[in-house]
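One structure is given here, and the rest of the page talks about it.
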2 protein chains.
Amino acid sequence: MNLRERKKEATRQALSRAAVDLALEHGPENVRVEDIAAAAGVSPRTYNNYFSSREAAICAIPVARNRELGERLRARPPQEPLAEACVRAVLEHHAEQGSPDWRIMRMIFCDRGLHGEFLKSHKAMSQPLVEAIAERCGLDPERDMFPTLLAASLGTAVRIATQHWLEHEQHTGRPLLDALREGLLHVAPVASAHDHR
Amino acid sequence: MNLRERKKEATRQALSRAAVDLALEHGPENVRVEDIAAAAGVSPRTYNNYFSSREAAICAIPVARNRELGERLRARPPQEPLAEACVRAVLEHHAEQGSPDWRIMRMIFCDRGLHGEFLKSHKAMSQPLVEAIAERCGLDPERDMFPTLLAASLGTAVRIATQHWLEHEQHTGRPLLDALREGLLHVAPVASAHDHR
DNA sequence: GCTTAAAATTGCGCGCTGCGCAGTTTTTCT
DNA sequence: AGAAAAACTGCGCAGCGCGCAATTTTAAGC
């Protein structure tokens, strides 16, 4: 990796980190591009060379995390049924996320603008998982919609479970992971269709 | 309904209609709120009393359409299995949409900003369907995430199938409804879980 | 019908955003 | 070292979202 590319990635990280920190501290609405750029040590103009909107910088971190899901599915034993492999991969992924990540997700889910930006990146976010599913099933995602649909369904389960937990279950003391498991088990049958084992 | 409320609804309709027409004609990026307001015979300031963003006005029409899905599910015979009722309700709904509606959906799916706004309204869009599902199953959506999750899964199936069709199948001559049916059948098993018949 | 309160529309103004452009600085390649 | 490529920056502009206060339209009471 070039020095140029490393630097580019570094400023990208610095920008999204700064954006997240400032948003967590002052609330997403009270953060201007100028502040983020200053905190990351670059000019406001440079900020817009990396992110086209204020929300995009904040969402960049969780989006990047979700792009690790493909690797996690590939790490599951090959003889494991597809549905089980998917559920475990997603659950493991979220179990290993620290509390700072959850604070970010909470903020994103509670702010309408951030939530929209997060959903907007769904495609880029799930692409690695789509490819991992396709490979495991021996399918071509361009010919068969199944891998894309399964990945999207898993994402939907996580999203709805998280939302439901935030709005109705959080105060009951039930762990978020329980809600996630419930949601994932509901959509698991989608995977069973192409599971010829 | 008051005269006041009727007038309010009329301008709302006029605004979203004008927004859609202008966007279809000149492309979503080449429409300013000033133009929309002028086309609807209202001041630009009034526009922002109804819609908080340019995209919201365009998406208002399909969002309103999707809010009819609840009614359509209720219209299904009660003895019909939940999964089948859901699939048929959604398929009927889309089968009856005219080509102008599909032009709108196509535009929304192709424009990143519009697509984001559309996803952002998912909650408001699926709420009636959530309630219809909950009623049919005798569940409370605030206690059980299943109705919300099923409604979201159906929405995901429609979204992915449409996207897949637009990007990979459109040119093959396969009807969109076929792709929709395929997607819906994939997620139908989600419904079977709570189908005690 | 006339008056009064409530609600909707409008014009004005402000801060912020996203981006094109052109000039400067930094990195890469030979 | 020197030239080419890429990234950063300052400037400026058009557009947006919205608060505020004034005006017009609608609903309600007598």
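Chain labels run A, B, ... following the order of the structure tokens; each chain numbers its residues from 1, and ligands are numbered from 1 in the order shown.
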Give me the residues within 10 Å of Pro189 in chain A as an MDAnalysis selection string, counting only C-alpha atoms (C1' of nucleotides) and dropping any in the same chain fewer than 4 places off.
-> (chainID A and resid 82:84 150 184:185 193:195) or (chainID B and resid 186:193)
Shell around Met107 in chain B at 12 Å using only C-alpha atoms (C1' of nucleotides), local window under 2 positions removed, as a ChimeraX atom specification = /B:20-29,55,58-59,62,100-105,109-115,118,162-163,166
Neighbour list for DC16 in chain C as a ChimeraX atom specification, cut-off 10 Å, only C-alpha atoms (C1' of nucleotides), skip fewer than 4 positions in-chain | /A:32-34 /D:16-17
Quick one: write out the picked residues with N, CA and C atoms (P, O5', C5', C4', C3', O3' and C1' of nucleotides) as a PDB file, in the first residue's frame?
```pdb
ATOM      1  N   ARG A  32     -21.199  20.973  12.900  1.00  0.00           N
ATOM      2  CA  ARG A  32     -21.055  21.498  11.545  1.00  0.00           C
ATOM      3  C   ARG A  32     -19.842  20.874  10.873  1.00  0.00           C
ATOM      4  N   VAL A  33     -19.899  20.868   9.563  1.00  0.00           N
ATOM      5  CA  VAL A  33     -18.783  20.332   8.790  1.00  0.00           C
ATOM      6  C   VAL A  33     -17.492  21.009   9.221  1.00  0.00           C
ATOM      7  N   GLU A  34     -17.589  22.277   9.450  1.00  0.00           N
ATOM      8  CA  GLU A  34     -16.396  23.044   9.849  1.00  0.00           C
ATOM      9  C   GLU A  34     -15.750  22.440  11.096  1.00  0.00           C
TER      10      GLU A  34
ATOM     11  P    DC D  16     -33.330  24.062  -3.971  1.00  0.00           P
ATOM     12  O5'  DC D  16     -33.124  23.691  -2.451  1.00  0.00           O
ATOM     13  C5'  DC D  16     -32.098  22.772  -2.091  1.00  0.00           C
ATOM     14  C4'  DC D  16     -31.867  22.831  -0.597  1.00  0.00           C
ATOM     15  C3'  DC D  16     -33.161  22.812   0.214  1.00  0.00           C
ATOM     16  O3'  DC D  16     -33.071  21.785   1.181  1.00  0.00           O
ATOM     17  C1'  DC D  16     -31.741  24.566   0.927  1.00  0.00           C
ATOM     18  P    DG D  17     -34.415  21.021   1.682  1.00  0.00           P
ATOM     19  O5'  DG D  17     -34.533  21.569   3.177  1.00  0.00           O
ATOM     20  C5'  DG D  17     -33.466  21.329   4.066  1.00  0.00           C
ATOM     21  C4'  DG D  17     -33.617  22.199   5.285  1.00  0.00           C
ATOM     22  C3'  DG D  17     -35.040  22.275   5.845  1.00  0.00           C
ATOM     23  O3'  DG D  17     -34.974  22.019   7.232  1.00  0.00           O
ATOM     24  C1'  DG D  17     -34.175  24.445   5.501  1.00  0.00           C
TER      25       DG D  17
END
```
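Any residue of chain B with an atom no more than 8 Å from chain A counts as a contact; using only C-alpha atoms, that gives Arg112, His115, Gly116, Glu117, Leu119, Lys120, Glu142, Arg143, Met145, Phe146, Thr148, Leu149, Ala152, Ser153, Thr156, Ala157, Ile160, Ala161, His164, His168, Gly183, His186, Val187, Ala188, Pro189, Val190 and Ala193 of chain B.
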Give the residues of chain D that lie within 9 Å of chain A; count only C-alpha atoms (C1' of nucleotides), and format the answer as a list in words.
-> DA6, DA7, DC8, DT9 and DG10 of chain D
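Proximity to chain A at a cut-off of 9 Å picks out DC16, DT17, DG18, DC19, DT27 and DT28 of chain C on chain C, counting only C-alpha atoms (C1' of nucleotides).
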Any chance you could dump chain B, least-squares fitted to chain A on all C-alpha atoms in order, as a PDB file with C-alpha atoms, in the first residue's frame?
```pdb
ATOM      1  CA  MET B   1      -0.017  -0.008  -0.013  1.00  0.00           C
ATOM      2  CA  ASN B   2       1.407   3.305  -1.070  1.00  0.00           C
ATOM      3  CA  LEU B   3       2.191   6.067   1.314  1.00  0.00           C
ATOM      4  CA  ARG B   4      -0.356   8.080  -0.596  1.00  0.00           C
ATOM      5  CA  GLU B   5      -3.084   5.540  -0.066  1.00  0.00           C
ATOM      6  CA  ARG B   6      -2.206   5.081   3.573  1.00  0.00           C
ATOM      7  CA  LYS B   7      -2.386   8.802   4.194  1.00  0.00           C
ATOM      8  CA  LYS B   8      -5.700   8.974   2.400  1.00  0.00           C
ATOM      9  CA  GLU B   9      -7.106   6.200   4.531  1.00  0.00           C
ATOM     10  CA  ALA B  10      -5.729   7.878   7.646  1.00  0.00           C
ATOM     11  CA  THR B  11      -7.504  11.165   6.994  1.00  0.00           C
ATOM     12  CA  ARG B  12     -10.655   9.248   6.136  1.00  0.00           C
ATOM     13  CA  GLN B  13     -10.477   7.515   9.497  1.00  0.00           C
ATOM     14  CA  ALA B  14      -9.663  10.753  11.287  1.00  0.00           C
ATOM     15  CA  LEU B  15     -12.655  12.448   9.684  1.00  0.00           C
ATOM     16  CA  SER B  16     -15.206   9.769  10.517  1.00  0.00           C
ATOM     17  CA  ARG B  17     -13.770   9.356  14.019  1.00  0.00           C
ATOM     18  CA  ALA B  18     -13.996  13.085  14.623  1.00  0.00           C
ATOM     19  CA  ALA B  19     -17.505  13.181  13.184  1.00  0.00           C
ATOM     20  CA  VAL B  20     -18.685  10.367  15.443  1.00  0.00           C
ATOM     21  CA  ASP B  21     -17.080  11.796  18.564  1.00  0.00           C
ATOM     22  CA  LEU B  22     -18.499  15.252  18.003  1.00  0.00           C
ATOM     23  CA  ALA B  23     -21.935  13.869  17.196  1.00  0.00           C
ATOM     24  CA  LEU B  24     -21.952  11.707  20.319  1.00  0.00           C
ATOM     25  CA  GLU B  25     -20.938  14.647  22.454  1.00  0.00           C
ATOM     26  CA  HIS B  26     -23.096  17.459  21.090  1.00  0.00           C
ATOM     27  CA  GLY B  27     -25.824  15.606  19.244  1.00  0.00           C
ATOM     28  CA  PRO B  28     -25.853  15.011  15.491  1.00  0.00           C
ATOM     29  CA  GLU B  29     -27.713  18.235  14.735  1.00  0.00           C
ATOM     30  CA  ASN B  30     -25.206  20.433  16.505  1.00  0.00           C
ATOM     31  CA  VAL B  31     -22.162  19.468  14.495  1.00  0.00           C
ATOM     32  CA  ARG B  32     -21.076  21.457  11.474  1.00  0.00           C
ATOM     33  CA  VAL B  33     -18.709  20.187   8.837  1.00  0.00           C
ATOM     34  CA  GLU B  34     -16.434  23.033   9.813  1.00  0.00           C
ATOM     35  CA  ASP B  35     -16.084  21.512  13.285  1.00  0.00           C
ATOM     36  CA  ILE B  36     -15.437  18.028  11.963  1.00  0.00           C
ATOM     37  CA  ALA B  37     -12.798  19.250   9.559  1.00  0.00           C
ATOM     38  CA  ALA B  38     -11.119  21.269  12.286  1.00  0.00           C
ATOM     39  CA  ALA B  39     -11.115  18.301  14.660  1.00  0.00           C
ATOM     40  CA  ALA B  40      -9.537  16.149  11.983  1.00  0.00           C
ATOM     41  CA  GLY B  41      -6.941  18.800  11.154  1.00  0.00           C
ATOM     42  CA  VAL B  42      -8.063  19.338   7.612  1.00  0.00           C
ATOM     43  CA  SER B  43      -9.781  22.061   5.626  1.00  0.00           C
ATOM     44  CA  PRO B  44     -13.585  22.021   5.300  1.00  0.00           C
ATOM     45  CA  ARG B  45     -13.194  21.695   1.549  1.00  0.00           C
ATOM     46  CA  THR B  46     -11.167  18.521   1.955  1.00  0.00           C
ATOM     47  CA  TYR B  47     -13.924  17.043   4.042  1.00  0.00           C
ATOM     48  CA  ASN B  48     -16.205  17.130   1.048  1.00  0.00           C
ATOM     49  CA  ASN B  49     -13.601  15.344  -1.017  1.00  0.00           C
ATOM     50  CA  TYR B  50     -14.124  12.344   1.245  1.00  0.00           C
ATOM     51  CA  PHE B  51     -17.760  12.513   2.274  1.00  0.00           C
ATOM     52  CA  SER B  52     -20.593  14.049   0.342  1.00  0.00           C
ATOM     53  CA  SER B  53     -22.687  14.722   3.409  1.00  0.00           C
ATOM     54  CA  ARG B  54     -22.307  15.256   7.103  1.00  0.00           C
ATOM     55  CA  GLU B  55     -24.168  12.045   7.864  1.00  0.00           C
ATOM     56  CA  ALA B  56     -21.989   9.925   5.610  1.00  0.00           C
ATOM     57  CA  ALA B  57     -18.918  10.481   7.762  1.00  0.00           C
ATOM     58  CA  ILE B  58     -20.714   9.317  10.882  1.00  0.00           C
ATOM     59  CA  CYS B  59     -22.151   6.219   9.237  1.00  0.00           C
ATOM     60  CA  ALA B  60     -18.833   5.255   7.670  1.00  0.00           C
ATOM     61  CA  ILE B  61     -17.694   3.413  10.792  1.00  0.00           C
ATOM     62  CA  PRO B  62     -20.647   1.034  11.258  1.00  0.00           C
ATOM     63  CA  VAL B  63     -20.834   0.541   7.499  1.00  0.00           C
ATOM     64  CA  ALA B  64     -17.219  -0.580   7.468  1.00  0.00           C
ATOM     65  CA  ARG B  65     -17.924  -2.946  10.367  1.00  0.00           C
ATOM     66  CA  ASN B  66     -20.810  -4.565   8.535  1.00  0.00           C
ATOM     67  CA  ARG B  67     -18.570  -5.174   5.579  1.00  0.00           C
ATOM     68  CA  GLU B  68     -16.717  -7.702   7.739  1.00  0.00           C
ATOM     69  CA  LEU B  69     -19.734 -10.013   7.743  1.00  0.00           C
ATOM     70  CA  GLY B  70     -18.626 -11.710   4.542  1.00  0.00           C
ATOM     71  CA  GLU B  71     -15.384 -12.828   6.146  1.00  0.00           C
ATOM     72  CA  ARG B  72     -17.245 -14.073   9.162  1.00  0.00           C
ATOM     73  CA  LEU B  73     -19.560 -16.251   7.109  1.00  0.00           C
ATOM     74  CA  ARG B  74     -16.613 -17.735   5.252  1.00  0.00           C
ATOM     75  CA  ALA B  75     -15.109 -18.617   8.613  1.00  0.00           C
ATOM     76  CA  ARG B  76     -18.032 -20.881   9.457  1.00  0.00           C
ATOM     77  CA  PRO B  77     -17.448 -24.632   8.904  1.00  0.00           C
ATOM     78  CA  PRO B  78     -18.517 -25.611   5.382  1.00  0.00           C
ATOM     79  CA  GLN B  79     -20.697 -28.514   6.489  1.00  0.00           C
ATOM     80  CA  GLU B  80     -22.807 -26.212   8.674  1.00  0.00           C
ATOM     81  CA  PRO B  81     -26.281 -25.562   7.244  1.00  0.00           C
ATOM     82  CA  LEU B  82     -26.519 -22.176   5.545  1.00  0.00           C
ATOM     83  CA  ALA B  83     -29.194 -20.826   7.866  1.00  0.00           C
ATOM     84  CA  GLU B  84     -27.262 -21.725  10.980  1.00  0.00           C
ATOM     85  CA  ALA B  85     -24.020 -20.377   9.557  1.00  0.00           C
ATOM     86  CA  CYS B  86     -25.641 -17.039   8.739  1.00  0.00           C
ATOM     87  CA  VAL B  87     -27.308 -16.649  12.116  1.00  0.00           C
ATOM     88  CA  ARG B  88     -24.141 -17.505  13.997  1.00  0.00           C
ATOM     89  CA  ALA B  89     -21.972 -15.272  11.848  1.00  0.00           C
ATOM     90  CA  VAL B  90     -24.203 -12.278  12.466  1.00  0.00           C
ATOM     91  CA  LEU B  91     -24.616 -13.024  16.176  1.00  0.00           C
ATOM     92  CA  GLU B  92     -20.885 -13.441  16.687  1.00  0.00           C
ATOM     93  CA  HIS B  93     -20.272 -10.235  14.833  1.00  0.00           C
ATOM     94  CA  HIS B  94     -22.553  -8.264  17.115  1.00  0.00           C
ATOM     95  CA  ALA B  95     -21.470 -10.057  20.263  1.00  0.00           C
ATOM     96  CA  GLU B  96     -17.943  -8.850  19.715  1.00  0.00           C
ATOM     97  CA  GLN B  97     -18.894  -5.247  19.219  1.00  0.00           C
ATOM     98  CA  GLY B  98     -17.910  -3.050  22.113  1.00  0.00           C
ATOM     99  CA  SER B  99     -20.144  -0.588  23.861  1.00  0.00           C
ATOM    100  CA  PRO B 100     -18.790   2.411  21.896  1.00  0.00           C
ATOM    101  CA  ASP B 101     -20.139   0.812  18.737  1.00  0.00           C
ATOM    102  CA  TRP B 102     -23.535   0.398  20.345  1.00  0.00           C
ATOM    103  CA  ARG B 103     -23.597   4.027  21.334  1.00  0.00           C
ATOM    104  CA  ILE B 104     -23.053   4.874  17.682  1.00  0.00           C
ATOM    105  CA  MET B 105     -25.780   2.537  16.490  1.00  0.00           C
ATOM    106  CA  ARG B 106     -28.152   3.906  19.074  1.00  0.00           C
ATOM    107  CA  MET B 107     -27.492   7.427  17.884  1.00  0.00           C
ATOM    108  CA  ILE B 108     -27.973   6.441  14.252  1.00  0.00           C
ATOM    109  CA  PHE B 109     -31.261   4.685  14.938  1.00  0.00           C
ATOM    110  CA  CYS B 110     -32.611   7.623  16.907  1.00  0.00           C
ATOM    111  CA  ASP B 111     -31.774  10.333  14.390  1.00  0.00           C
ATOM    112  CA  ARG B 112     -33.885  10.337  11.263  1.00  0.00           C
ATOM    113  CA  GLY B 113     -31.228  11.815   9.022  1.00  0.00           C
ATOM    114  CA  LEU B 114     -28.526   9.436  10.176  1.00  0.00           C
ATOM    115  CA  HIS B 115     -30.839   6.483   9.926  1.00  0.00           C
ATOM    116  CA  GLY B 116     -31.651   7.414   6.352  1.00  0.00           C
ATOM    117  CA  GLU B 117     -28.007   7.708   5.431  1.00  0.00           C
ATOM    118  CA  PHE B 118     -27.344   4.370   7.076  1.00  0.00           C
ATOM    119  CA  LEU B 119     -30.082   2.670   5.061  1.00  0.00           C
ATOM    120  CA  LYS B 120     -28.808   4.356   1.931  1.00  0.00           C
ATOM    121  CA  SER B 121     -25.499   2.528   2.314  1.00  0.00           C
ATOM    122  CA  HIS B 122     -27.215  -0.818   2.654  1.00  0.00           C
ATOM    123  CA  LYS B 123     -26.016  -1.954  -0.739  1.00  0.00           C
ATOM    124  CA  ALA B 124     -22.353  -1.209  -0.176  1.00  0.00           C
ATOM    125  CA  MET B 125     -22.711  -2.584   3.328  1.00  0.00           C
ATOM    126  CA  SER B 126     -24.071  -5.988   2.412  1.00  0.00           C
ATOM    127  CA  GLN B 127     -22.088  -6.570  -0.750  1.00  0.00           C
ATOM    128  CA  PRO B 128     -19.345  -8.702   0.862  1.00  0.00           C
ATOM    129  CA  LEU B 129     -21.952 -10.829   2.610  1.00  0.00           C
ATOM    130  CA  VAL B 130     -23.810 -11.265  -0.670  1.00  0.00           C
ATOM    131  CA  GLU B 131     -20.665 -12.572  -2.303  1.00  0.00           C
ATOM    132  CA  ALA B 132     -19.908 -14.920   0.564  1.00  0.00           C
ATOM    133  CA  ILE B 133     -23.420 -16.359   0.432  1.00  0.00           C
ATOM    134  CA  ALA B 134     -23.262 -16.708  -3.330  1.00  0.00           C
ATOM    135  CA  GLU B 135     -19.957 -18.527  -3.107  1.00  0.00           C
ATOM    136  CA  ARG B 136     -21.214 -20.865  -0.417  1.00  0.00           C
ATOM    137  CA  CYS B 137     -24.257 -21.723  -2.513  1.00  0.00           C
ATOM    138  CA  GLY B 138     -22.474 -21.829  -5.844  1.00  0.00           C
ATOM    139  CA  LEU B 139     -24.703 -19.100  -7.251  1.00  0.00           C
ATOM    140  CA  ASP B 140     -24.066 -16.039  -9.376  1.00  0.00           C
ATOM    141  CA  PRO B 141     -25.579 -12.975  -7.666  1.00  0.00           C
ATOM    142  CA  GLU B 142     -26.189 -11.378 -11.036  1.00  0.00           C
ATOM    143  CA  ARG B 143     -28.328 -14.269 -12.216  1.00  0.00           C
ATOM    144  CA  ASP B 144     -30.008 -15.312  -8.978  1.00  0.00           C
ATOM    145  CA  MET B 145     -31.479 -12.797  -6.545  1.00  0.00           C
ATOM    146  CA  PHE B 146     -31.278 -15.251  -3.660  1.00  0.00           C
ATOM    147  CA  PRO B 147     -27.900 -14.182  -2.198  1.00  0.00           C
ATOM    148  CA  THR B 148     -28.832 -10.517  -2.289  1.00  0.00           C
ATOM    149  CA  LEU B 149     -32.230 -11.259  -0.827  1.00  0.00           C
ATOM    150  CA  LEU B 150     -30.875 -13.396   1.988  1.00  0.00           C
ATOM    151  CA  ALA B 151     -28.262 -10.808   2.932  1.00  0.00           C
ATOM    152  CA  ALA B 152     -30.916  -8.097   2.914  1.00  0.00           C
ATOM    153  CA  SER B 153     -33.240 -10.236   5.037  1.00  0.00           C
ATOM    154  CA  LEU B 154     -30.539 -10.733   7.640  1.00  0.00           C
ATOM    155  CA  GLY B 155     -29.931  -6.997   7.653  1.00  0.00           C
ATOM    156  CA  THR B 156     -33.646  -6.397   8.058  1.00  0.00           C
ATOM    157  CA  ALA B 157     -33.794  -8.784  11.004  1.00  0.00           C
ATOM    158  CA  VAL B 158     -30.940  -6.967  12.728  1.00  0.00           C
ATOM    159  CA  ARG B 159     -32.475  -3.596  12.018  1.00  0.00           C
ATOM    160  CA  ILE B 160     -35.972  -4.440  13.217  1.00  0.00           C
ATOM    161  CA  ALA B 161     -34.744  -6.325  16.266  1.00  0.00           C
ATOM    162  CA  THR B 162     -32.522  -3.415  17.249  1.00  0.00           C
ATOM    163  CA  GLN B 163     -35.298  -0.904  16.722  1.00  0.00           C
ATOM    164  CA  HIS B 164     -37.789  -2.996  18.639  1.00  0.00           C
ATOM    165  CA  TRP B 165     -35.336  -3.413  21.472  1.00  0.00           C
ATOM    166  CA  LEU B 166     -34.562   0.302  21.616  1.00  0.00           C
ATOM    167  CA  GLU B 167     -38.226   1.268  21.666  1.00  0.00           C
ATOM    168  CA  HIS B 168     -39.922  -1.455  23.663  1.00  0.00           C
ATOM    169  CA  GLU B 169     -37.521  -3.862  25.333  1.00  0.00           C
ATOM    170  CA  GLN B 170     -34.524  -1.850  26.438  1.00  0.00           C
ATOM    171  CA  HIS B 171     -36.064  -0.891  29.777  1.00  0.00           C
ATOM    172  CA  THR B 172     -37.082  -4.472  30.566  1.00  0.00           C
ATOM    173  CA  GLY B 173     -33.446  -5.434  30.998  1.00  0.00           C
ATOM    174  CA  ARG B 174     -33.548  -8.016  28.234  1.00  0.00           C
ATOM    175  CA  PRO B 175     -30.143  -8.208  26.527  1.00  0.00           C
ATOM    176  CA  LEU B 176     -30.040  -6.843  23.007  1.00  0.00           C
ATOM    177  CA  LEU B 177     -28.391 -10.032  21.830  1.00  0.00           C
ATOM    178  CA  ASP B 178     -31.518 -11.950  22.802  1.00  0.00           C
ATOM    179  CA  ALA B 179     -33.648  -9.730  20.631  1.00  0.00           C
ATOM    180  CA  LEU B 180     -31.168 -10.082  17.777  1.00  0.00           C
ATOM    181  CA  ARG B 181     -31.277 -13.866  18.063  1.00  0.00           C
ATOM    182  CA  GLU B 182     -35.062 -13.826  17.994  1.00  0.00           C
ATOM    183  CA  GLY B 183     -35.147 -11.657  14.878  1.00  0.00           C
ATOM    184  CA  LEU B 184     -32.524 -13.733  13.103  1.00  0.00           C
ATOM    185  CA  LEU B 185     -34.315 -16.988  13.883  1.00  0.00           C
ATOM    186  CA  HIS B 186     -37.464 -15.544  12.332  1.00  0.00           C
ATOM    187  CA  VAL B 187     -35.761 -14.945   8.994  1.00  0.00           C
ATOM    188  CA  ALA B 188     -33.523 -18.011   9.105  1.00  0.00           C
ATOM    189  CA  PRO B 189     -36.068 -20.076   7.095  1.00  0.00           C
ATOM    190  CA  VAL B 190     -35.303 -17.843   4.120  1.00  0.00           C
ATOM    191  CA  ALA B 191     -31.879 -19.447   4.016  1.00  0.00           C
ATOM    192  CA  SER B 192     -33.165 -22.990   4.386  1.00  0.00           C
ATOM    193  CA  ALA B 193     -34.639 -22.869   0.893  1.00  0.00           C
ATOM    194  CA  HIS B 194     -31.249 -23.134  -0.814  1.00  0.00           C
ATOM    195  CA  ASP B 195     -29.779 -25.411   1.790  1.00  0.00           C
ATOM    196  CA  HIS B 196     -29.259 -28.725   0.048  1.00  0.00           C
ATOM    197  CA  ARG B 197     -27.706 -30.677   2.893  1.00  0.00           C
TER     198      ARG B 197
END
```
